file target-v2.cif (mmCIF, C-alpha atoms)
data_my_file
loop_
_atom_site.label_atom_id
_atom_site.label_comp_id
_atom_site.auth_asym_id
_atom_site.auth_seq_id
_atom_site.Cartn_x
_atom_site.Cartn_y
_atom_site.Cartn_z
CA MET N 1 104.28 -9.16 102.49
CA SER N 2 103.62 -5.60 103.67
CA TYR N 3 103.65 -4.73 107.39
CA LEU N 4 101.34 -2.25 109.10
CA GLU N 5 103.05 0.82 110.55
CA GLU N 6 102.17 -0.17 114.12
CA ASP N 7 104.13 -3.40 113.62
CA TYR N 8 107.34 -1.72 112.46
CA LEU N 9 110.50 -2.62 114.36
CA GLN N 10 113.37 -0.22 115.04
CA LEU N 11 115.94 -0.37 112.28
CA SER N 12 118.70 0.35 114.78
CA GLY N 13 117.77 -2.91 116.50
CA ILE N 14 119.31 -4.86 113.64
CA GLN N 15 122.77 -4.12 115.00
CA HIS N 16 121.72 -5.30 118.47
CA PHE N 17 120.32 -8.45 116.88
CA GLU N 18 123.51 -9.12 114.94
CA PHE N 19 125.59 -8.60 118.08
CA CYS N 20 123.37 -10.83 120.22
CA ARG N 21 119.79 -11.99 119.73
CA ARG N 22 119.24 -12.01 123.48
CA GLN N 23 120.50 -8.44 123.83
CA TRP N 24 118.04 -7.34 121.13
CA ALA N 25 115.14 -9.07 122.88
CA LEU N 26 116.06 -7.63 126.29
CA ILE N 27 116.04 -4.12 124.83
CA HIS N 28 113.14 -4.30 122.39
CA ILE N 29 110.85 -6.89 123.97
CA GLU N 30 111.58 -6.72 127.70
CA GLN N 31 112.38 -2.96 127.58
CA LEU N 32 115.59 -3.25 129.61
CA TRP N 33 118.49 -0.85 129.16
CA GLU N 34 121.70 0.18 130.88
CA GLU N 35 124.31 2.71 129.79
CA ASN N 36 128.05 2.20 129.65
CA TYR N 37 130.96 4.13 128.13
CA LEU N 38 130.40 2.68 124.68
CA THR N 39 126.67 3.47 124.55
CA VAL N 40 127.14 7.02 125.85
CA SER N 41 129.94 7.75 123.36
CA GLY N 42 127.82 6.39 120.53
CA ASP N 43 124.82 8.50 121.58
CA ILE N 44 126.91 11.68 121.56
CA MET N 45 128.18 10.96 118.06
CA HIS N 46 124.68 10.24 116.75
CA GLU N 47 123.24 13.40 118.32
CA ARG N 48 125.70 15.45 116.29
CA ALA N 49 125.09 13.49 113.10
CA HIS N 50 121.29 13.80 113.50
CA ASP N 51 121.24 17.60 113.82
CA LYS N 52 118.56 18.34 111.24
CA ASN N 53 119.53 22.02 111.20
CA LEU N 54 122.81 21.15 109.45
CA THR N 55 121.47 20.28 105.97
CA GLU N 56 124.07 21.53 103.49
CA LYS N 57 124.49 22.16 99.77
CA ARG N 58 128.06 21.94 98.49
CA LYS N 59 128.23 22.44 94.74
CA ASP N 60 126.93 19.11 93.35
CA LEU N 61 126.43 17.54 96.78
CA ILE N 62 123.40 17.82 99.10
CA ILE N 63 123.88 16.55 102.68
CA THR N 64 120.87 15.77 104.90
CA ARG N 65 120.90 14.58 108.52
CA GLY N 66 118.45 12.61 110.60
CA MET N 67 116.36 11.58 107.59
CA PRO N 68 113.38 9.38 108.63
CA ILE N 69 113.23 6.13 106.65
CA PHE N 70 111.06 3.00 106.60
CA SER N 71 110.29 -0.16 104.66
CA ARG N 72 106.80 -1.62 104.46
CA GLU N 73 108.22 -4.82 103.02
CA LEU N 74 110.62 -5.37 105.93
CA GLY N 75 108.46 -3.75 108.60
CA ILE N 76 111.20 -1.49 109.97
CA SER N 77 111.69 2.25 110.47
CA GLY N 78 114.37 4.58 111.76
CA GLU N 79 116.63 7.46 110.79
CA CYS N 80 119.78 7.77 108.70
CA ASP N 81 122.65 9.62 110.34
CA VAL N 82 123.54 11.24 107.01
CA VAL N 83 122.29 10.83 103.45
CA GLU N 84 124.35 12.42 100.69
CA PHE N 85 122.75 13.19 97.34
CA LYS N 86 125.50 13.42 94.73
CA ARG N 87 124.59 14.93 91.37
CA ASP N 88 124.56 12.44 88.51
CA ASP N 89 122.31 13.57 85.64
CA LYS N 90 122.77 10.25 83.84
CA ASN N 91 122.04 7.70 86.56
CA GLY N 92 120.47 9.66 89.42
CA ILE N 93 116.93 10.44 90.54
CA GLU N 94 115.11 13.76 90.65
CA LEU N 95 114.77 15.62 93.96
CA ASN N 96 111.96 18.04 94.63
CA GLY N 97 113.26 21.60 94.67
CA TYR N 98 116.64 20.81 93.11
CA GLU N 99 117.85 20.97 89.55
CA GLY N 100 119.33 17.83 87.98
CA LYS N 101 119.44 14.23 89.16
CA TYR N 102 121.23 12.71 92.15
CA ASN N 103 122.63 9.41 93.42
CA VAL N 104 121.64 8.43 96.96
CA ILE N 105 124.47 7.57 99.39
CA PRO N 106 123.77 6.80 103.09
CA VAL N 107 126.52 7.42 105.65
CA GLU N 108 126.24 5.72 109.05
CA TYR N 109 128.31 7.03 111.98
CA LYS N 110 129.86 4.58 114.44
CA HIS N 111 132.03 5.13 117.50
CA GLY N 112 134.39 2.17 117.40
CA GLU N 113 136.03 0.03 114.78
CA GLY N 114 134.27 -1.79 111.95
CA ILE N 115 132.24 -4.94 112.60
CA GLU N 116 129.97 -6.99 110.34
CA ALA N 117 126.84 -5.80 112.16
CA ASP N 118 127.56 -2.24 110.99
CA ARG N 119 127.41 -3.37 107.35
CA ILE N 120 124.13 -5.17 107.91
CA GLN N 121 122.55 -2.08 109.50
CA LEU N 122 123.79 0.09 106.62
CA THR N 123 122.28 -2.38 104.15
CA ALA N 124 118.93 -2.11 105.93
CA GLN N 125 119.09 1.66 105.47
CA VAL N 126 119.83 1.17 101.78
CA ILE N 127 116.81 -1.11 101.35
CA CYS N 128 114.55 1.48 103.02
CA LEU N 129 115.89 4.31 100.85
CA GLU N 130 115.49 2.26 97.68
CA GLU N 131 111.87 1.48 98.54
CA MET N 132 111.05 5.09 99.47
CA LEU N 133 112.85 6.83 96.61
CA CYS N 134 112.38 4.19 93.88
CA CYS N 135 116.10 4.01 93.19
CA SER N 136 119.00 1.60 93.21
CA ILE N 137 121.90 2.07 95.65
CA GLU N 138 125.13 0.16 95.13
CA TYR N 139 127.15 1.40 98.10
CA GLY N 140 127.20 3.48 101.26
CA TYR N 141 129.74 4.58 103.85
CA LEU N 142 130.52 3.79 107.49
CA TYR N 143 132.30 6.61 109.34
CA TYR N 144 134.19 5.55 112.46
CA GLY N 145 134.84 8.15 115.13
CA LYS N 146 137.73 6.19 116.59
CA THR N 147 139.72 6.28 113.35
CA ARG N 148 137.98 9.30 111.80
CA HIS N 149 137.89 7.33 108.60
CA ARG N 150 135.18 6.53 106.06
CA GLU N 151 134.85 2.96 104.84
CA LYS N 152 133.07 2.39 101.53
CA ILE N 153 130.70 -0.57 101.74
CA THR N 154 129.41 -2.35 98.63
CA ILE N 155 125.84 -3.49 99.23
CA THR N 156 125.94 -7.14 98.23
CA GLN N 157 123.13 -9.64 97.74
CA GLU N 158 124.54 -11.55 100.70
CA TYR N 159 124.07 -8.51 102.95
CA ARG N 160 120.55 -7.94 101.59
CA LYS N 161 119.57 -11.54 102.33
CA ARG N 162 121.05 -11.28 105.82
CA VAL N 163 118.88 -8.23 106.52
CA ALA N 164 115.76 -10.00 105.27
CA ASP N 165 116.51 -13.10 107.37
CA ASP N 166 117.29 -11.06 110.50
CA VAL N 167 114.14 -8.96 110.24
CA LYS N 168 111.96 -12.01 109.65
CA GLU N 169 113.37 -13.63 112.80
CA MET N 170 113.00 -10.40 114.79
CA HIS N 171 109.33 -10.12 113.86
CA ALA N 172 108.79 -13.75 114.87
CA TYR N 173 110.35 -13.15 118.32
CA MET N 174 108.39 -9.93 118.78
CA GLU N 175 105.11 -11.60 117.90
CA ARG N 176 105.79 -14.42 120.38
CA GLN N 177 107.30 -12.01 122.96
CA TYR N 178 110.15 -14.50 123.18
CA THR N 179 113.62 -13.80 124.58
CA PRO N 180 116.09 -16.33 123.17
CA LYS N 181 118.78 -18.02 125.25
CA VAL N 182 122.49 -17.59 124.47
CA LYS N 183 125.82 -19.02 125.53
CA PRO N 184 128.17 -16.57 127.31
CA LYS N 185 130.98 -15.35 125.08
CA LYS N 186 133.86 -12.89 125.20
CA SER N 187 131.81 -10.02 123.72
CA CYS N 188 129.43 -10.22 126.72
CA GLN N 189 132.00 -8.21 128.70
CA SER N 190 131.41 -5.12 126.53
CA CYS N 191 127.60 -5.37 126.72
CA SER N 192 125.88 -2.74 128.87
CA LEU N 193 123.27 -5.34 129.85
CA LYS N 194 125.69 -8.01 131.08
CA ASP N 195 124.54 -7.60 134.72
CA ARG N 196 120.87 -7.91 133.76
CA CYS N 197 121.16 -10.51 131.04
CA VAL N 198 122.18 -13.46 133.24
CA PRO N 199 122.73 -15.65 130.14
CA LYS N 200 123.67 -18.69 132.24
CA LEU N 201 120.08 -19.01 133.41
CA ALA N 202 119.14 -21.13 130.42
CA LYS N 203 116.10 -22.68 132.05
CA THR N 204 114.28 -19.41 132.75
CA ASP N 205 111.91 -17.88 130.21
CA SER N 206 113.03 -14.29 130.73
CA VAL N 207 114.93 -11.97 133.00
CA LYS N 208 111.65 -10.48 134.25
CA LYS N 209 110.36 -13.94 135.17
CA TYR N 210 113.62 -14.77 136.98
CA ILE N 211 113.47 -11.55 139.01
CA LYS N 212 109.82 -12.13 139.84
CA GLU N 213 110.54 -15.66 141.05
CA ARG N 214 113.39 -14.45 143.25
CA ILE N 215 111.16 -11.75 144.81
CA GLU N 216 108.43 -14.29 145.50
CA GLU N 217 110.98 -16.57 147.18
CA ASP N 218 112.13 -13.70 149.42
CA ASP N 219 108.55 -13.03 150.48
CA ILE N 220 108.01 -16.59 151.66
#
call {"tool": "encode", "arguments": {"input": "target-v2.cif", "output": "structure tokens"}}
result
Amino acid sequence: MSYLEEDYLQLSGIQHFEFCRRQWALIHIEQLWEENYLTVSGDIMHERAHDKNLTEKRKDLIITRGMPIFSRELGISGECDVVEFKRDDKNGIELNGYEGKYNVIPVEYKHGEGIEADRIQLTAQVICLEEMLCCSIEYGYLYYGKTRHREKITITQEYRKRVADDVKEMHAYMERQYTPKVKPKKSCQSCSLKDRCVPKLAKTDSVKKYIKERIEEDDI
């Protein structure tokens, strides 16, 4: 299946979806958003990583920032924080304007410590790059600002399947304009939308509907 560009979902939403399906729907379907310390810190880190004026060439390494990526097969699009092209004349691909061949290595920047959702988002970037550049990518890196450490992530078939399953479910929710219900959990305390999510209201269709009903009651 190949999606039309107007139906593409935000690649960055995969991490929201992995963290909480309801959080993803509130942000991407109901267009709700609130900032907290974690979101602001993450935004600052990504602004620096996405500075497209900082493309570098270091001997056999080319470093690009804020590279737009997409996948017609998955129906997603976004940007890579950093993509490194490491020269490998035996196994790499050709790049326009550069001599030799290069391996493609995405590097995603995160503020906190490693979680599984980070690996799934990185895998989605890999799938996009493979489709765009007609290459095969075996690994990428996650850089964590808290530890200032790079973690090498092997892109497994399990991760690839998880991305495909997540995206399929996301498209289904988006098409139905459906916000799923969730059970409150410990991680809700770190969510910037915890005051607008009201997850205990399991019988309401959406936050917007709940707010509308409360306003109508006040007007009576």
call {"tool": "closest_residue", "arguments": {"input": "target-v2.cif", "among": "N:Tyr139, N:Tyr144, N:Phe17, N:Phe85", "to": "Tyr109 (chain N)", "atoms": "all atoms listed in the file"}}
result
N:Tyr144
call {"tool": "closest_residue", "arguments": {"input": "target-v2.cif", "among": "N:Gly66, N:Pro180, N:Gly92, N:Gly145", "to": "Pro106 (chain N)", "atoms": "all atoms listed in the file"}}
result
N:Gly66
call {"tool": "resolve_selection", "arguments": {"input": "target-v2.cif", "expression": "the PyMOL selection byres ((chain N and resi 119) around 12)", "output": "VMD selection string"}}
result
chain N and resid 14 to 15 18 106 to 110 113 to 118 120 to 126 139 to 143 151 to 156 158 to 160 162 to 163
call {"tool": "closest_residue", "arguments": {"input": "target-v2.cif", "among": "N:Arg72, N:Arg150, N:His171, N:Lys59", "to": "Ser2 (chain N)", "atoms": "all atoms listed in the file"}}
result
N:Arg72
call {"tool": "atom_distance", "arguments": {"input": "target-v2.cif", "atom1": "CA of Lys86 (chain N)", "atom2": "CA of Leu9 (chain N)"}}
result
29.5 Å
call {"tool": "closest_residue", "arguments": {"input": "target-v2.cif", "among": "N:Leu95, N:Ile69, N:Val182, N:Ala25", "to": "Ile127 (chain N)", "atoms": "all atoms listed in the file"}}
result
N:Ile69
call {"tool": "atom_distance", "arguments": {"input": "target-v2.cif", "atom1": "CA of Thr55 (chain N)", "atom2": "CA of Leu133 (chain N)"}}
result
18.5 Å
call {"tool": "residues_around", "arguments": {"input": "target-v2.cif", "residues": "Leu61 (chain N)", "least_positions_apart": "3", "cutoff": "9 Å", "atoms": "all atoms listed in the file", "output": "PyMOL selection string"}}
result
chain N and resi 56-58+84-87+102
